[in-house]
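The next block is run-v6.cif, given as mmCIF, C-alpha atoms.
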data_query
loop_
_atom_site.label_atom_id
_atom_site.label_comp_id
_atom_site.auth_asym_id
_atom_site.auth_seq_id
_atom_site.Cartn_x
_atom_site.Cartn_y
_atom_site.Cartn_z
CA MET A 16 -95.40 -34.14 -14.61
CA THR A 17 -91.65 -33.87 -14.19
CA ILE A 18 -89.83 -33.01 -10.98
CA THR A 19 -86.14 -32.87 -10.18
CA ALA A 20 -85.06 -35.20 -7.39
CA LEU A 21 -81.83 -34.43 -5.52
CA PHE A 22 -79.88 -36.92 -3.41
CA PHE A 23 -77.13 -35.87 -1.02
CA ALA A 24 -74.32 -37.54 0.90
CA SER A 25 -75.16 -41.13 1.82
CA TYR A 26 -78.40 -41.00 -0.19
CA ALA A 27 -76.44 -40.17 -3.34
CA ASP A 28 -74.53 -43.39 -2.66
CA VAL A 29 -77.83 -45.29 -2.34
CA PHE A 30 -79.07 -44.16 -5.75
CA GLY A 31 -75.67 -43.91 -7.46
CA ARG A 32 -76.36 -40.35 -8.51
CA ASP A 33 -77.10 -36.95 -6.99
CA GLN A 34 -79.80 -35.69 -9.33
CA VAL A 35 -82.49 -37.19 -11.57
CA GLU A 36 -85.50 -35.94 -13.51
CA MET A 37 -88.49 -38.00 -12.43
CA GLU A 38 -91.97 -38.47 -13.83
CA VAL A 39 -94.69 -38.54 -11.17
CA PRO A 40 -98.49 -38.44 -11.59
CA ASN A 41 -100.09 -34.97 -11.42
CA GLY A 42 -101.22 -34.21 -7.89
CA SER A 43 -98.55 -36.39 -6.28
CA THR A 44 -97.63 -35.51 -2.72
CA VAL A 45 -94.25 -35.73 -1.01
CA GLY A 46 -95.49 -38.99 0.50
CA ASP A 47 -96.33 -40.36 -2.96
CA PHE A 48 -92.88 -39.36 -4.16
CA LEU A 49 -91.28 -41.22 -1.24
CA ARG A 50 -93.29 -44.40 -2.02
CA HIS A 51 -92.07 -44.10 -5.59
CA LEU A 52 -88.48 -43.76 -4.38
CA ARG A 53 -88.80 -46.73 -2.10
CA ALA A 54 -89.53 -48.95 -5.08
CA LEU A 55 -86.12 -47.93 -6.47
CA ASP A 56 -84.35 -48.56 -3.14
CA THR A 57 -84.29 -52.31 -3.53
CA ASP A 58 -81.73 -52.80 -0.73
CA ARG A 59 -83.86 -50.78 1.74
CA ARG A 60 -81.01 -48.39 2.58
CA LEU A 61 -83.26 -45.35 3.09
CA PRO A 62 -84.87 -44.86 6.53
CA PRO A 63 -88.65 -45.42 6.70
CA ALA A 64 -89.48 -41.71 6.35
CA PRO A 65 -86.52 -39.63 5.20
CA LEU A 66 -86.61 -35.86 5.38
CA VAL A 67 -87.65 -34.07 2.19
CA ALA A 68 -87.21 -30.45 1.14
CA VAL A 69 -89.22 -28.97 -1.70
CA ASN A 70 -87.66 -25.92 -3.36
CA GLU A 71 -85.17 -25.58 -0.48
CA ARG A 72 -87.72 -25.77 2.35
CA TYR A 73 -88.47 -28.75 4.60
CA ALA A 74 -91.82 -30.24 3.53
CA ARG A 75 -94.45 -32.46 5.17
CA PRO A 76 -95.62 -35.68 3.49
CA ASP A 77 -98.98 -34.17 2.53
CA LEU A 78 -97.49 -31.30 0.49
CA VAL A 79 -98.70 -31.49 -3.12
CA LEU A 80 -95.92 -31.28 -5.69
CA ARG A 81 -96.02 -29.08 -8.78
CA PRO A 82 -94.28 -29.49 -12.14
CA GLY A 83 -90.62 -28.46 -12.01
CA ASP A 84 -90.34 -28.72 -8.23
CA GLU A 85 -86.88 -29.43 -6.83
CA VAL A 86 -87.43 -32.28 -4.39
CA ALA A 87 -84.42 -33.04 -2.20
CA VAL A 88 -84.07 -36.12 -0.01
CA ILE A 89 -82.12 -34.99 3.04
CA PRO A 90 -79.93 -37.37 5.07
CA PRO A 91 -79.41 -36.63 8.77
CA VAL A 92 -77.56 -33.32 8.80
CA ALA A 93 -74.09 -33.09 10.37
CA GLY A 94 -72.99 -29.48 10.00
CA GLY A 95 -71.24 -27.34 12.54
CA MET B 22 -49.83 -4.84 66.71
CA THR B 23 -49.41 -3.22 63.29
CA ILE B 24 -51.36 -4.17 60.18
CA THR B 25 -51.40 -2.65 56.70
CA ALA B 26 -54.81 -1.40 55.59
CA LEU B 27 -55.48 -1.00 51.87
CA PHE B 28 -58.26 1.12 50.37
CA PHE B 29 -59.28 0.87 46.73
CA ALA B 30 -61.34 2.86 44.25
CA SER B 31 -64.14 4.80 45.96
CA TYR B 32 -62.88 3.76 49.41
CA ALA B 33 -59.50 5.35 48.68
CA ASP B 34 -61.48 8.56 48.07
CA VAL B 35 -63.25 8.14 51.43
CA PHE B 36 -59.98 7.95 53.36
CA GLY B 37 -57.92 10.20 51.12
CA ARG B 38 -55.24 7.55 50.75
CA ASP B 39 -54.87 3.98 49.47
CA GLN B 40 -52.66 2.50 52.17
CA VAL B 41 -51.98 3.07 55.85
CA GLU B 42 -50.13 1.30 58.67
CA MET B 43 -52.59 0.88 61.55
CA GLU B 44 -52.18 -0.05 65.20
CA VAL B 45 -54.86 -2.43 66.46
CA PRO B 46 -55.02 -4.36 69.74
CA ASN B 47 -53.60 -7.90 69.69
CA GLY B 48 -56.33 -10.44 68.97
CA SER B 49 -58.41 -7.99 66.91
CA THR B 50 -60.79 -9.55 64.41
CA VAL B 51 -61.81 -8.27 60.98
CA GLY B 52 -64.99 -7.02 62.68
CA ASP B 53 -62.95 -5.10 65.26
CA PHE B 54 -60.89 -3.59 62.45
CA LEU B 55 -64.07 -2.45 60.70
CA ARG B 56 -65.40 -0.80 63.88
CA HIS B 57 -62.08 1.00 64.17
CA LEU B 58 -62.35 2.16 60.55
CA ARG B 59 -65.88 3.38 61.07
CA ALA B 60 -64.67 5.79 63.70
CA LEU B 61 -62.46 7.35 61.02
CA ASP B 62 -65.31 7.48 58.47
CA THR B 63 -66.97 10.52 60.00
CA ASP B 64 -69.14 11.18 56.92
CA ARG B 65 -70.47 7.58 56.94
CA ARG B 66 -69.48 6.93 53.34
CA LEU B 67 -68.65 3.23 53.86
CA PRO B 68 -71.50 0.71 53.66
CA PRO B 69 -72.51 -0.93 56.98
CA ALA B 70 -70.40 -4.04 56.37
CA PRO B 71 -67.88 -3.61 53.57
CA LEU B 72 -66.05 -6.62 52.15
CA VAL B 73 -62.62 -7.28 53.55
CA ALA B 74 -59.75 -9.39 52.24
CA VAL B 75 -56.90 -10.46 54.46
CA ASN B 76 -53.68 -11.32 52.65
CA GLU B 77 -55.52 -11.39 49.31
CA ARG B 78 -58.39 -13.67 50.40
CA TYR B 79 -61.94 -12.67 51.30
CA ALA B 80 -62.33 -12.89 55.06
CA ARG B 81 -65.26 -13.22 57.49
CA PRO B 82 -65.73 -10.75 60.39
CA ASP B 83 -64.63 -13.31 62.98
CA LEU B 84 -61.20 -13.91 61.43
CA VAL B 85 -58.47 -13.01 63.93
CA LEU B 86 -55.78 -10.71 62.52
CA ARG B 87 -52.09 -11.25 62.97
CA PRO B 88 -49.22 -8.73 63.02
CA GLY B 89 -48.22 -7.64 59.50
CA ASP B 90 -51.48 -8.76 57.86
CA GLU B 91 -52.50 -6.93 54.69
CA VAL B 92 -56.13 -6.00 55.29
CA ALA B 93 -57.92 -4.67 52.19
CA VAL B 94 -61.31 -2.99 52.23
CA ILE B 95 -62.96 -4.00 48.96
CA PRO B 96 -65.59 -1.82 47.25
CA PRO B 97 -68.22 -3.52 45.09
CA VAL B 98 -66.22 -5.06 42.25
CA ALA B 99 -66.88 -4.02 38.67
CA GLY B 100 -64.52 -6.04 36.48
CA GLY B 101 -65.26 -7.74 33.20
CA MET C 28 -54.16 -22.62 31.32
CA ARG C 29 -53.00 -19.04 31.70
CA THR C 30 -54.50 -16.02 33.46
CA ALA C 31 -53.13 -12.52 33.77
CA ILE C 32 -53.80 -8.90 34.68
CA VAL C 33 -52.24 -6.86 31.88
CA ARG C 34 -51.71 -3.21 30.91
CA ASP C 35 -51.29 -3.60 27.15
CA PRO C 36 -54.14 -3.97 24.64
CA LEU C 37 -55.67 -7.46 24.60
CA GLN C 38 -55.35 -9.78 21.59
CA PRO C 39 -58.42 -12.03 21.24
CA SER C 40 -57.03 -13.89 18.23
CA ALA C 41 -53.80 -14.71 20.07
CA ALA C 42 -55.85 -16.10 22.97
CA LEU C 43 -57.87 -18.20 20.51
CA ALA C 44 -54.68 -19.58 18.93
CA GLU C 45 -53.30 -20.36 22.37
CA VAL C 46 -56.21 -22.68 23.30
CA ALA C 47 -56.59 -24.32 19.87
CA SER C 48 -55.73 -28.00 19.54
CA VAL C 49 -56.73 -30.91 17.31
CA ALA C 50 -58.17 -32.54 20.44
CA ASN C 51 -60.81 -29.79 20.60
CA GLY C 52 -63.94 -29.49 18.48
CA ALA C 53 -65.09 -26.15 19.87
CA ALA C 54 -63.39 -22.92 20.87
CA ILE C 55 -65.12 -19.85 22.29
CA VAL C 56 -63.67 -16.41 22.75
CA PHE C 57 -65.53 -13.90 24.89
CA VAL C 58 -64.48 -10.26 24.59
CA GLY C 59 -65.79 -7.60 26.95
CA THR C 60 -65.47 -4.09 25.56
CA VAL C 61 -66.02 -0.50 26.68
CA ARG C 62 -69.46 0.75 25.63
CA GLU C 63 -70.21 4.30 24.62
CA VAL C 64 -73.22 4.40 26.96
CA ASN C 65 -73.83 3.04 30.46
CA ASP C 66 -77.22 3.36 32.14
CA GLY C 67 -78.18 5.87 29.47
CA ARG C 68 -75.20 8.14 30.14
CA PRO C 69 -72.62 8.79 27.38
CA VAL C 70 -69.18 7.51 28.37
CA THR C 71 -65.88 8.75 26.89
CA GLY C 72 -63.52 6.21 28.48
CA ILE C 73 -62.98 3.98 31.50
CA GLU C 74 -60.14 3.71 33.98
CA TYR C 75 -59.80 0.15 35.33
CA SER C 76 -57.89 -0.36 38.55
CA ALA C 77 -57.26 -3.55 40.49
CA TYR C 78 -55.97 -4.98 43.71
CA GLU C 79 -53.46 -6.63 41.45
CA GLY C 80 -52.10 -9.45 43.60
CA MET C 81 -55.54 -10.58 44.70
CA ALA C 82 -57.07 -10.08 41.26
CA ALA C 83 -54.39 -12.30 39.71
CA ARG C 84 -54.99 -14.90 42.40
CA GLU C 85 -58.78 -14.85 41.93
CA LEU C 86 -58.48 -15.08 38.12
CA ALA C 87 -56.24 -18.14 38.47
CA ALA C 88 -58.65 -19.70 40.97
CA ILE C 89 -61.63 -19.11 38.67
CA ALA C 90 -59.83 -20.66 35.68
CA GLY C 91 -58.92 -23.64 37.85
CA GLU C 92 -62.54 -24.08 38.92
CA ALA C 93 -63.71 -23.87 35.29
CA ALA C 94 -61.11 -26.48 34.32
CA ALA C 95 -62.22 -28.83 37.09
CA ARG C 96 -65.90 -28.46 36.20
CA SER C 97 -65.50 -28.76 32.44
CA GLY C 98 -62.53 -31.08 32.05
CA THR C 99 -60.40 -28.85 29.83
CA THR C 100 -57.26 -26.90 30.69
CA ASP C 101 -57.29 -25.07 27.37
CA ILE C 102 -58.25 -21.79 29.02
CA VAL C 103 -56.75 -18.30 28.70
CA VAL C 104 -58.10 -15.34 30.66
CA GLU C 105 -56.70 -11.82 30.49
CA HIS C 106 -58.09 -8.71 32.18
CA ARG C 107 -56.72 -5.33 31.29
CA VAL C 108 -56.21 -2.43 33.70
CA GLY C 109 -55.44 1.22 33.03
CA ARG C 110 -57.33 3.70 30.89
CA LEU C 111 -59.38 2.20 28.03
CA GLU C 112 -60.95 4.00 25.11
CA LEU C 113 -64.41 3.23 23.75
CA GLY C 114 -64.47 -0.13 21.97
CA GLU C 115 -61.30 -1.41 23.59
CA ALA C 116 -61.33 -4.86 25.18
CA SER C 117 -61.25 -5.02 28.98
CA VAL C 118 -61.39 -8.81 29.26
CA VAL C 119 -60.73 -11.76 26.95
CA ILE C 120 -61.71 -15.33 27.83
CA ALA C 121 -60.71 -18.13 25.45
CA VAL C 122 -61.87 -21.70 26.15
CA ALA C 123 -61.50 -24.77 23.96
CA HIS C 124 -62.98 -28.19 24.63
CA ALA C 125 -63.67 -31.41 22.79
CA HIS C 126 -67.40 -30.53 22.89
CA ARG C 127 -69.26 -27.26 22.59
CA ALA C 128 -71.65 -27.47 25.57
CA GLU C 129 -68.75 -27.67 28.02
CA ALA C 130 -66.90 -24.86 26.22
CA TYR C 131 -69.91 -22.52 26.50
CA ASP C 132 -70.50 -23.43 30.15
CA ALA C 133 -66.86 -22.87 31.11
CA SER C 134 -66.72 -19.53 29.27
CA ARG C 135 -69.90 -18.33 30.96
CA TYR C 136 -68.78 -19.54 34.37
CA ILE C 137 -65.54 -17.58 34.09
CA ILE C 138 -67.10 -14.23 33.14
CA GLU C 139 -69.82 -14.52 35.79
CA GLN C 140 -67.28 -15.29 38.49
CA ILE C 141 -65.01 -12.45 37.34
CA LYS C 142 -67.90 -10.01 37.73
CA ARG C 143 -68.72 -11.45 41.13
CA ARG C 144 -65.41 -11.63 42.92
CA VAL C 145 -62.30 -10.34 41.14
CA PRO C 146 -61.22 -7.09 42.85
CA ILE C 147 -61.24 -4.80 39.83
CA TRP C 148 -63.00 -1.44 39.71
CA LYS C 149 -63.83 0.96 36.98
CA ARG C 150 -64.23 4.70 36.93
CA GLU C 151 -66.28 5.96 34.01
CA GLU C 152 -65.46 9.26 32.37
CA TYR C 153 -68.34 11.32 30.97
CA VAL C 154 -68.65 13.96 28.26
CA ASP C 155 -68.92 16.74 30.85
CA GLY C 156 -65.49 15.80 32.24
CA THR C 157 -66.81 14.21 35.44
CA ARG C 158 -65.81 10.71 36.58
CA GLU C 159 -67.58 8.14 38.75
CA TRP C 160 -66.78 4.75 40.25
CA VAL C 161 -69.19 2.13 38.95
CA ASP C 162 -71.12 0.18 41.57
CA PRO C 163 -72.95 -2.60 39.74
CA THR C 164 -74.00 -4.31 42.95
CA ALA C 165 -75.46 -1.43 44.93
CA SER C 166 -72.93 -2.18 47.65
CA ARG C 167 -73.37 -5.92 47.97
CA THR C 168 -71.44 -6.96 51.06
CA GLU C 169 -71.71 -10.73 51.17
CA ILE C 170 -68.50 -12.65 50.71
CA PRO C 171 -68.62 -13.68 47.06
CA ARG C 172 -68.10 -17.46 46.98
CA MET D 24 -75.84 -9.47 9.75
CA ARG D 25 -74.10 -11.73 7.26
CA THR D 26 -74.22 -15.48 6.66
CA ALA D 27 -72.41 -17.53 4.05
CA ILE D 28 -71.37 -20.97 2.86
CA VAL D 29 -67.71 -20.63 1.87
CA ARG D 30 -64.89 -22.74 0.42
CA ASP D 31 -61.88 -20.79 1.70
CA PRO D 32 -60.41 -21.05 5.21
CA LEU D 33 -62.46 -19.19 7.84
CA GLN D 34 -61.10 -16.12 9.66
CA PRO D 35 -62.48 -15.90 13.21
CA SER D 36 -60.72 -12.61 13.95
CA ALA D 37 -62.21 -10.99 10.83
CA ALA D 38 -65.68 -12.13 11.95
CA LEU D 39 -65.04 -10.66 15.40
CA ALA D 40 -63.95 -7.34 13.89
CA GLU D 41 -67.05 -7.33 11.69
CA VAL D 42 -69.49 -7.46 14.63
CA ALA D 43 -67.54 -5.10 16.92
CA SER D 44 -69.08 -1.73 17.75
CA VAL D 45 -68.90 0.81 20.58
CA ALA D 46 -72.59 0.09 21.17
CA ASN D 47 -71.68 -3.45 22.26
CA GLY D 48 -70.22 -4.51 25.59
CA ALA D 49 -69.79 -8.19 24.72
CA ALA D 50 -68.66 -10.13 21.68
CA ILE D 51 -68.49 -13.91 21.39
CA VAL D 52 -66.84 -15.94 18.67
CA PHE D 53 -67.59 -19.65 18.44
CA VAL D 54 -65.26 -21.72 16.28
CA GLY D 55 -66.03 -25.34 15.41
CA THR D 56 -62.95 -27.30 14.35
CA VAL D 57 -62.08 -30.74 13.00
CA ARG D 58 -61.08 -33.07 15.82
CA GLU D 59 -58.48 -35.80 15.49
CA VAL D 60 -60.82 -38.36 17.04
CA ASN D 61 -64.55 -38.99 16.70
CA ASP D 62 -66.31 -41.67 18.75
CA GLY D 63 -62.88 -43.05 19.65
CA ARG D 64 -61.82 -43.44 16.01
CA PRO D 65 -58.77 -41.52 14.70
CA VAL D 66 -59.76 -39.13 11.91
CA THR D 67 -57.38 -37.76 9.27
CA GLY D 68 -59.68 -35.20 7.64
CA ILE D 69 -63.31 -34.37 6.87
CA GLU D 70 -65.09 -33.62 3.62
CA TYR D 71 -68.04 -31.24 4.17
CA SER D 72 -70.72 -31.09 1.50
CA ALA D 73 -73.91 -29.06 1.43
CA TYR D 74 -77.18 -28.53 -0.37
CA GLU D 75 -75.76 -25.10 -0.93
CA GLY D 76 -78.84 -23.08 -1.86
CA MET D 77 -80.90 -24.44 1.01
CA ALA D 78 -77.98 -24.33 3.46
CA ALA D 79 -77.44 -20.64 2.69
CA ARG D 80 -81.17 -20.01 3.14
CA GLU D 81 -81.32 -21.85 6.47
CA LEU D 82 -78.20 -20.08 7.80
CA ALA D 83 -79.77 -16.73 6.97
CA ALA D 84 -83.06 -17.77 8.60
CA ILE D 85 -81.27 -18.90 11.77
CA ALA D 86 -79.32 -15.64 12.04
CA GLY D 87 -82.57 -13.73 11.56
CA GLU D 88 -84.23 -15.72 14.33
CA ALA D 89 -81.27 -15.10 16.66
CA ALA D 90 -81.45 -11.38 15.86
CA ALA D 91 -85.17 -11.26 16.60
CA ARG D 92 -84.77 -13.14 19.88
CA SER D 93 -81.73 -11.26 21.16
CA GLY D 94 -82.17 -7.79 19.73
CA THR D 95 -78.82 -7.49 17.94
CA THR D 96 -78.06 -7.65 14.23
CA ASP D 97 -74.31 -7.76 14.86
CA ILE D 98 -74.10 -11.39 13.75
CA VAL D 99 -71.77 -13.12 11.29
CA VAL D 100 -72.05 -16.84 10.50
CA GLU D 101 -69.85 -18.69 8.04
CA HIS D 102 -69.82 -22.43 7.36
CA ARG D 103 -67.08 -23.93 5.28
CA VAL D 104 -67.48 -26.78 2.79
CA GLY D 105 -64.89 -28.90 1.00
CA ARG D 106 -62.08 -30.95 2.49
CA LEU D 107 -60.77 -29.80 5.87
CA GLU D 108 -57.62 -30.86 7.65
CA LEU D 109 -57.41 -31.60 11.38
CA GLY D 110 -57.72 -28.41 13.43
CA GLU D 111 -59.28 -26.37 10.61
CA ALA D 112 -62.43 -24.38 11.34
CA SER D 113 -65.67 -25.65 9.85
CA VAL D 114 -67.93 -22.98 11.31
CA VAL D 115 -67.46 -19.51 12.79
CA ILE D 116 -70.23 -17.66 14.63
CA ALA D 117 -69.57 -14.10 15.81
CA VAL D 118 -72.21 -12.27 17.86
CA ALA D 119 -71.94 -8.92 19.60
CA HIS D 120 -74.53 -7.36 21.88
CA ALA D 121 -74.80 -4.57 24.41
CA HIS D 122 -74.97 -7.26 27.13
CA ARG D 123 -73.26 -10.60 27.58
CA ALA D 124 -76.22 -12.83 28.49
CA GLU D 125 -77.93 -12.10 25.17
CA ALA D 126 -74.68 -12.58 23.25
CA TYR D 127 -74.13 -16.03 24.76
CA ASP D 128 -77.74 -17.05 24.18
CA ALA D 129 -77.70 -15.94 20.54
CA SER D 130 -74.40 -17.70 19.87
CA ARG D 131 -75.64 -20.92 21.40
CA TYR D 132 -78.97 -20.72 19.59
CA ILE D 133 -77.21 -20.37 16.25
CA ILE D 134 -74.89 -23.37 16.65
CA GLU D 135 -77.67 -25.61 17.98
CA GLN D 136 -79.95 -24.70 15.08
CA ILE D 137 -77.15 -25.23 12.55
CA LYS D 138 -76.62 -28.73 13.88
CA ARG D 139 -80.34 -29.39 13.79
CA ARG D 140 -81.44 -28.19 10.38
CA VAL D 141 -78.80 -26.83 8.00
CA PRO D 142 -78.35 -29.36 5.16
CA ILE D 143 -74.62 -29.97 5.48
CA TRP D 144 -73.03 -33.39 5.71
CA LYS D 145 -69.59 -34.61 6.59
CA ARG D 146 -67.64 -37.64 5.51
CA GLU D 147 -64.86 -38.57 7.88
CA GLU D 148 -61.62 -40.03 6.57
CA TYR D 149 -59.81 -42.56 8.74
CA VAL D 150 -56.19 -43.66 9.07
CA ASP D 151 -56.94 -46.92 7.24
CA GLY D 152 -58.07 -44.95 4.17
CA THR D 153 -61.80 -45.67 4.59
CA ARG D 154 -64.43 -42.89 4.65
CA GLU D 155 -67.85 -42.72 6.25
CA TRP D 156 -70.78 -40.29 6.30
CA VAL D 157 -71.44 -39.08 9.83
CA ASP D 158 -74.96 -39.64 11.14
CA PRO D 159 -75.16 -37.79 14.47
CA THR D 160 -78.91 -38.24 14.75
CA ALA D 161 -79.25 -41.98 14.13
CA SER D 162 -81.57 -41.16 11.22
CA ARG D 163 -83.87 -38.66 12.88
CA THR D 164 -86.68 -38.04 10.45
CA GLU D 165 -88.82 -35.36 12.06
CA ILE D 166 -88.97 -32.04 10.27
CA PRO D 167 -86.48 -29.89 12.20
CA ARG D 168 -88.35 -26.73 13.23
#
As a first step, turn the structure in this file into structure tokens.
Amino acid sequence: MTITALFFASYADVFGRDQVEMEVPNGSTVGDFLRHLRALDTDRRLPPAPLVAVNERYARPDLVLRPGDEVAVIPPVAGG
Amino acid sequence: MTITALFFASYADVFGRDQVEMEVPNGSTVGDFLRHLRALDTDRRLPPAPLVAVNERYARPDLVLRPGDEVAVIPPVAGG
Amino acid sequence: MRTAIVRDPLQPSAALAEVASVANGAAIVFVGTVREVNDGRPVTGIEYSAYEGMAARELAAIAGEAAARSGTTDIVVEHRVGRLELGEASVVIAVAHAHRAEAYDASRYIIEQIKRRVPIWKREEYVDGTREWVDPTASRTEIPR
Amino acid sequence: MRTAIVRDPLQPSAALAEVASVANGAAIVFVGTVREVNDGRPVTGIEYSAYEGMAARELAAIAGEAAARSGTTDIVVEHRVGRLELGEASVVIAVAHAHRAEAYDASRYIIEQIKRRVPIWKREEYVDGTREWVDPTASRTEIPR
């Protein structure tokens, strides 16, 4: 199935882009998605367990993804 | 000796005026002054121990007054 | 640092501008205003009066204490006296600091101390035309320090 | 109650006017501004970026939580994004309440929650022309709830 991955701020620098359509196996969890990402992060610039939001809500690693989900990898926030 | 007594807000209503020159014996303390006032407060409208400021500073009952002091009787404050 | 007892309407945005600086990351403006109801009783206006010399002195002392505790002198405090309509500001406290925690603490310290010890009184006016001095402390008589 | 992510300069006095009401005795405006120095390093400007949809959603959720806790809906929160100069406001939080303690608590709750969970990032620009993303949490990775 296809999901949309979003990268912000320093993580966009890590992946050289801020958005990508990704193929992941049906039934993948947030944790599976992160393992998949890690394989692309050859320089190990992501922290061990970065924050993830699915469809604009913070999500735990065991959340099961669905086709078309917007999966954002969230660097440490610095608003205010 | 002569001091100036100031009455504010509800206490000005008690005494019907907001300022009066008063004669008190030399060596009088704030406490002595208050006992003197109480004699004038025939309806007992002052609290048992009202706050007093001498020359614009809060003062304890044992403070000794000096000629010309400005002695203010301070109702419960309600600023802000 | 500036403190004052004033008769004219207060200007919160002017106070904010006065404490602003590129050295500060946080500014807080507190505005106290006249409410339409107090203790369940409809109010039509409030007359504030003060022991002006002492009130000015106490306001300055309070601002100085807040500055010493928090480490900023970017503080403006103004308290109005005279007759105020509903919704008008009776007090404005502007504090700016490099960091927000200190700004909040200083702002809160100043308003709490004002309510505790600055010799200002208010007489509320009610819809039936009567007026009453407000006694928020039920005649507290300890020296407020 | 109103919350927004905006690109234009923020107007603290407009936010204050928006929450004012004769039912309220206290109004507090918090303004976060760009400091000239961060961690001892001179800053020339900051670029704020956001995950805008989620940031708007989180801001609204935070204001709703503050309203539920404090009992006022007189709350306006605006966070700016884009490039800001020194001294410009990045966030404005206006809260009004019948009573001051609740107004302070709600204001403080909102700014602390913004810093904890709203997906906004800032890249500081330095005098030598370099830029760096700010990581105030040293890569905290717990879900912020």
Practice problem: Find the residue from A:Gly46, A:Pro40, A:Gly95, A:Gly83 that sits nearest to Ala53 in chain C; use only C-alpha atoms when measuring. | Solution: A:Gly95
Quiz item: Mind telling me what the PyMOL selection byres ((chain D and resi 99-104) around 9) catches here, as a ChimeraX atom specification?
Solution: /A:94-95 /D:24-33,38-39,41-42,70-73,82-83,86,96-98,105-107,112-118,133,143,145
Each chain C residue no farther than 12 Å from chain A, nearest pair in Å, all atoms listed in the file, as CSV:
residue,atom,partner,partner_atom,distance
C:Gly52,CA,A:Gly95,CA,9.7
C:Ala53,CA,A:Gly95,CA,9.6
C:His126,CA,A:Gly95,CA,11.5
C:Arg127,CA,A:Gly95,CA,10.2
Picked residues, the PyMOL selection byres ((chain C) within 8 of (chain D)), as an mmCIF file with C-alpha atoms, in the coordinates of the input:
data_model
loop_
_atom_site.group_PDB
_atom_site.id
_atom_site.type_symbol
_atom_site.label_atom_id
_atom_site.label_comp_id
_atom_site.auth_asym_id
_atom_site.auth_seq_id
_atom_site.Cartn_x
_atom_site.Cartn_y
_atom_site.Cartn_z
ATOM 1 C CA PRO C 39 -58.420 -12.030 21.240
ATOM 2 C CA SER C 40 -57.030 -13.890 18.230
ATOM 3 C CA ALA C 47 -56.590 -24.320 19.870
ATOM 4 C CA SER C 48 -55.730 -28.000 19.540
ATOM 5 C CA VAL C 49 -56.730 -30.910 17.310
ATOM 6 C CA ALA C 50 -58.170 -32.540 20.440
ATOM 7 C CA ASN C 51 -60.810 -29.790 20.600
ATOM 8 C CA GLY C 52 -63.940 -29.490 18.480
ATOM 9 C CA ALA C 53 -65.090 -26.150 19.870
ATOM 10 C CA ALA C 54 -63.390 -22.920 20.870
ATOM 11 C CA ILE C 55 -65.120 -19.850 22.290
ATOM 12 C CA VAL C 56 -63.670 -16.410 22.750
ATOM 13 C CA PHE C 57 -65.530 -13.900 24.890
ATOM 14 C CA VAL C 58 -64.480 -10.260 24.590
ATOM 15 C CA GLY C 59 -65.790 -7.600 26.950
ATOM 16 C CA THR C 60 -65.470 -4.090 25.560
ATOM 17 C CA VAL C 61 -66.020 -0.500 26.680
ATOM 18 C CA ARG C 62 -69.460 0.750 25.630
ATOM 19 C CA GLU C 63 -70.210 4.300 24.620
ATOM 20 C CA VAL C 64 -73.220 4.400 26.960
ATOM 21 C CA LEU C 113 -64.410 3.230 23.750
ATOM 22 C CA GLY C 114 -64.470 -0.130 21.970
ATOM 23 C CA ALA C 125 -63.670 -31.410 22.790
ATOM 24 C CA TYR C 131 -69.910 -22.520 26.500
ATOM 25 C CA ARG C 135 -69.900 -18.330 30.960
#
Exercise. Do a neighbour search on range 66-72 of chain A at 9 Å with all atoms listed in the file, toss out local chain neighbours closer than 6 positions, and write the hits as a list of chain:residue names.
Key: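 The neighbour list is A:Val45, A:Leu49, A:Leu78, A:Leu80, A:Asp84, A:Glu85, A:Val86, A:Ala87, A:Val88, A:Ile89, A:Pro90, A:Pro91, D:Tyr74, D:Gly76, D:Met77, D:Ala78, D:Arg80, D:Glu81, D:Arg163, D:Thr164, D:Glu165, D:Ile166.
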Could the residues in this selection be written to a file with C-alpha atoms, as an mmCIF file, in the coordinates of the input?
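Okay, again07.cif is ready:
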data_model
loop_
_atom_site.group_PDB
_atom_site.id
_atom_site.type_symbol
_atom_site.label_atom_id
_atom_site.label_comp_id
_atom_site.auth_asym_id
_atom_site.auth_seq_id
_atom_site.Cartn_x
_atom_site.Cartn_y
_atom_site.Cartn_z
ATOM 1 C CA VAL A 45 -94.250 -35.730 -1.010
ATOM 2 C CA LEU A 49 -91.280 -41.220 -1.240
ATOM 3 C CA LEU A 78 -97.490 -31.300 0.490
ATOM 4 C CA LEU A 80 -95.920 -31.280 -5.690
ATOM 5 C CA ASP A 84 -90.340 -28.720 -8.230
ATOM 6 C CA GLU A 85 -86.880 -29.430 -6.830
ATOM 7 C CA VAL A 86 -87.430 -32.280 -4.390
ATOM 8 C CA ALA A 87 -84.420 -33.040 -2.200
ATOM 9 C CA VAL A 88 -84.070 -36.120 -0.010
ATOM 10 C CA ILE A 89 -82.120 -34.990 3.040
ATOM 11 C CA PRO A 90 -79.930 -37.370 5.070
ATOM 12 C CA PRO A 91 -79.410 -36.630 8.770
ATOM 13 C CA TYR D 74 -77.180 -28.530 -0.370
ATOM 14 C CA GLY D 76 -78.840 -23.080 -1.860
ATOM 15 C CA MET D 77 -80.900 -24.440 1.010
ATOM 16 C CA ALA D 78 -77.980 -24.330 3.460
ATOM 17 C CA ARG D 80 -81.170 -20.010 3.140
ATOM 18 C CA GLU D 81 -81.320 -21.850 6.470
ATOM 19 C CA ARG D 163 -83.870 -38.660 12.880
ATOM 20 C CA THR D 164 -86.680 -38.040 10.450
ATOM 21 C CA GLU D 165 -88.820 -35.360 12.060
ATOM 22 C CA ILE D 166 -88.970 -32.040 10.270
#
